[in-house]
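Trainee: Please read through the structure below; I'll follow up with questions.
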Amino acid sequence: MNPVTESRSRIQAVVFDVGETLVDETRAWSYEAKRAGVTPLTLFAALGALIEQGNDHREVWALLGVEPPTRPLPLEPGDFYPDALPCLRDVAAAGLRVGIAGNQPEAAEEMLRSLDAPLSLVASSSRWGVEKPSPAFFEQVCAEMAVEPAGVAYVGDRVDNDVLPAKAAGMFAVLVRRGPWGYLGARRPEAATADLRLDDLTSLVPRILAAR
Ligand SMILES: [Mg+2]
């Protein structure tokens with residue numbers, strides 16, 4: 001058995017990023033545009049430019065000359081992409097453990113725990129005190145799920161924050177090409193390092209099962 005096949009054969013858990021992987025952030029960013037006194041188009045374009053340049057999107061407030069938000073808009077059930085909850089349930093139904101761990105405020109955890117899906121892990125960078133792409137974030141995922149890195153498929157929309165550090169940690173990396181980071185990142189050569197590249201979550205479970 002070659003090393004790649006061996007690592008894929010051991011996937012026991014699927015862990016999801018939050019923003020633009022499970023959650024459509026359009027409502028939140030539109031709210032922030034209004035708060036900042038610019039049109040949504042202006043904010044979205046400025047974000048796209050920063051993302052394409054490889055800069056931290058949080059620089060957008062300085063670019064626009066406005067104060068950053070003091071606290072993020074809370075997640076709401078209607079923010080989830082339509083395929084998100086069915087996919088979480090499909091993962092569990094396939095006999096794999098399910099986790100959600102992303103760069104999120106701690107307050108997001110309560111809402112994520114309330115989802116009607118069997119979750120083995122719900123974690124935020126804010127509670128852990130470490131955020132992606134730090135290797136420590138991915139080590140924490142493995143520690144809390146008690147699974148070796150090769151046993152984890154990490155699913156995210158960002159090549160820089162999700163795919164590359166998950167691969168470096170020894171995980172099976174899935175890139176979901178949606179949202180601004182997904183589309184722009186998918187054009188980068190490093191996107192090819194993802195073990196799986198998908199446009200949504202509808203085929204995630206069969207594709208992972210086929211790769212095991
Ligand atoms: Mg994301």
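Every chain in the structure tokens takes a letter, A first, then B, and so on in the order presented; its residues are numbered from 1, and the ligands are numbered from 1 following the presented order.
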Any residue with an atom at most 6 Å from ligand 1 counts, using only C-alpha atoms and all ligand atoms. Which are they? Put them as a list of chain:residue names.

Mentor: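 Taking only C-alpha atoms and all ligand atoms into account, the residues around ligand 1 at most 6 Å away are A:Asp17, A:Val18, A:Gly19, A:Glu20, A:Thr21, A:Gly156, A:Asp157, A:Arg158.
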
Trainee: For N, CA and C atoms, I'd like the residues from the last selection saved as a PDB file, in the first residue's frame.

Mentor:
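Contents of result_25.pdb, as written:
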ATOM      1  N   ASP A  17     -14.540  23.694   8.703  1.00  0.00           N
ATOM      2  CA  ASP A  17     -14.422  25.124   8.921  1.00  0.00           C
ATOM      3  C   ASP A  17     -15.855  25.693   8.970  1.00  0.00           C
ATOM      4  N   VAL A  18     -15.995  26.937   9.392  1.00  0.00           N
ATOM      5  CA  VAL A  18     -17.334  27.527   9.512  1.00  0.00           C
ATOM      6  C   VAL A  18     -17.635  28.496   8.362  1.00  0.00           C
ATOM      7  N   GLY A  19     -16.925  29.665   8.359  1.00  0.00           N
ATOM      8  CA  GLY A  19     -17.249  30.721   7.402  1.00  0.00           C
ATOM      9  C   GLY A  19     -17.039  30.307   5.955  1.00  0.00           C
ATOM     10  N   GLU A  20     -18.075  30.400   5.169  1.00  0.00           N
ATOM     11  CA  GLU A  20     -18.085  30.093   3.738  1.00  0.00           C
ATOM     12  C   GLU A  20     -17.835  28.620   3.422  1.00  0.00           C
ATOM     13  N   THR A  21     -17.751  27.796   4.471  1.00  0.00           N
ATOM     14  CA  THR A  21     -17.748  26.343   4.265  1.00  0.00           C
ATOM     15  C   THR A  21     -19.137  25.823   4.631  1.00  0.00           C
ATOM     16  N   GLY A 156     -12.504  22.975   4.195  1.00  0.00           N
ATOM     17  CA  GLY A 156     -12.534  24.430   4.299  1.00  0.00           C
ATOM     18  C   GLY A 156     -12.529  25.107   2.946  1.00  0.00           C
ATOM     19  N   ASP A 157     -12.833  26.403   2.971  1.00  0.00           N
ATOM     20  CA  ASP A 157     -12.915  27.183   1.724  1.00  0.00           C
ATOM     21  C   ASP A 157     -11.615  27.915   1.407  1.00  0.00           C
ATOM     22  N   ARG A 158     -10.661  27.899   2.345  1.00  0.00           N
ATOM     23  CA  ARG A 158      -9.445  28.678   2.142  1.00  0.00           C
ATOM     24  C   ARG A 158      -8.226  27.802   1.915  1.00  0.00           C
TER      25      ARG A 158
END

Trainee: What are the DSSP helix (DSSP H, G or I) residues of range 9-185 of chain A, as an MDAnalysis selection string?

Mentor: chainID A and resid 26:36 40:52 57:64 77:79 84:93 108:113 125:128 135:145 149:151 159:169 179:185

Trainee: Please return, as an NGL selection string, all residues of range 40-149 of chain A that DSSP assigns to strand (DSSP E) on the basis of the backbone.

Mentor: :A and (97-102 or 121-124)

Trainee: Any chance you could export the current selection's N, CA and C atoms as an mmCIF file, in the first residue's frame?

Mentor:
data_model
loop_
_atom_site.group_PDB
_atom_site.id
_atom_site.type_symbol
_atom_site.label_atom_id
_atom_site.label_comp_id
_atom_site.auth_asym_id
_atom_site.auth_seq_id
_atom_site.Cartn_x
_atom_site.Cartn_y
_atom_site.Cartn_z
ATOM 1 N N ARG A 97 -17.000 10.363 12.438
ATOM 2 C CA ARG A 97 -17.285 11.365 13.456
ATOM 3 C C ARG A 97 -17.248 12.754 12.820
ATOM 4 N N VAL A 98 -18.019 13.657 13.413
ATOM 5 C CA VAL A 98 -18.198 14.982 12.825
ATOM 6 C C VAL A 98 -17.723 16.060 13.790
ATOM 7 N N GLY A 99 -16.943 16.998 13.287
ATOM 8 C CA GLY A 99 -16.508 18.125 14.092
ATOM 9 C C GLY A 99 -16.648 19.432 13.341
ATOM 10 N N ILE A 100 -16.763 20.513 14.104
ATOM 11 C CA ILE A 100 -16.741 21.865 13.532
ATOM 12 C C ILE A 100 -15.702 22.647 14.328
ATOM 13 N N ALA A 101 -14.703 23.184 13.630
ATOM 14 C CA ALA A 101 -13.663 23.962 14.311
ATOM 15 C C ALA A 101 -13.161 25.033 13.354
ATOM 16 N N GLY A 102 -13.387 26.292 13.722
ATOM 17 C CA GLY A 102 -12.989 27.369 12.820
ATOM 18 C C GLY A 102 -12.505 28.594 13.562
ATOM 19 N N LEU A 121 -17.275 17.362 18.109
ATOM 20 C CA LEU A 121 -16.425 18.496 18.476
ATOM 21 C C LEU A 121 -17.019 19.780 17.923
ATOM 22 N N VAL A 122 -17.138 20.789 18.792
ATOM 23 C CA VAL A 122 -17.448 22.155 18.351
ATOM 24 C C VAL A 122 -16.432 23.053 19.030
ATOM 25 N N ALA A 123 -15.633 23.749 18.231
ATOM 26 C CA ALA A 123 -14.560 24.545 18.822
ATOM 27 C C ALA A 123 -14.341 25.829 18.039
ATOM 28 N N SER A 124 -13.872 26.837 18.761
ATOM 29 C CA SER A 124 -13.579 28.139 18.146
ATOM 30 C C SER A 124 -12.139 28.536 18.453
#

Trainee: Could you give me, as a list in words, the residues within 12 Å of Gly65 in chain A, counting only C-alpha atoms and dropping anything in the same chain fewer than 2 positions from it?

Mentor: Ala36, Gly37, Val38, Leu43, Ala46, Glu59, Val60, Trp61, Ala62, Leu63, Glu67 and Pro68 of chain A

Trainee: Can you pull out every residue within 12 Å of Ala93 in chain A, counting only C-alpha atoms, but drop anything in the same chain fewer than 2 positions away, and send it as a short mmCIF file (atom, residue, chain, number, x, y, z; two decimals) with C-alpha atoms, in the first residue's frame?

Mentor:
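Saved the output as part.cif:
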data_model
loop_
_atom_site.label_atom_id
_atom_site.label_comp_id
_atom_site.auth_asym_id
_atom_site.auth_seq_id
_atom_site.Cartn_x
_atom_site.Cartn_y
_atom_site.Cartn_z
CA ALA A 13 -13.49 11.98 11.30
CA PRO A 86 -27.57 17.53 5.40
CA CYS A 87 -23.83 17.03 4.89
CA LEU A 88 -23.09 16.97 8.64
CA ARG A 89 -25.78 14.30 9.04
CA ASP A 90 -24.51 12.34 6.02
CA VAL A 91 -21.02 12.23 7.50
CA GLY A 95 -20.06 6.09 10.39
CA LEU A 96 -17.58 8.96 10.55
CA ARG A 97 -17.29 11.37 13.46
CA VAL A 98 -18.20 14.98 12.82
CA ALA A 117 -26.55 16.95 13.95
CA PRO A 118 -24.41 14.55 16.02
CA LEU A 119 -21.25 16.60 16.62
CA VAL A 205 -19.41 12.01 1.76
CA PRO A 206 -19.34 9.74 -1.33
CA LEU A 209 -15.73 7.25 1.13
#
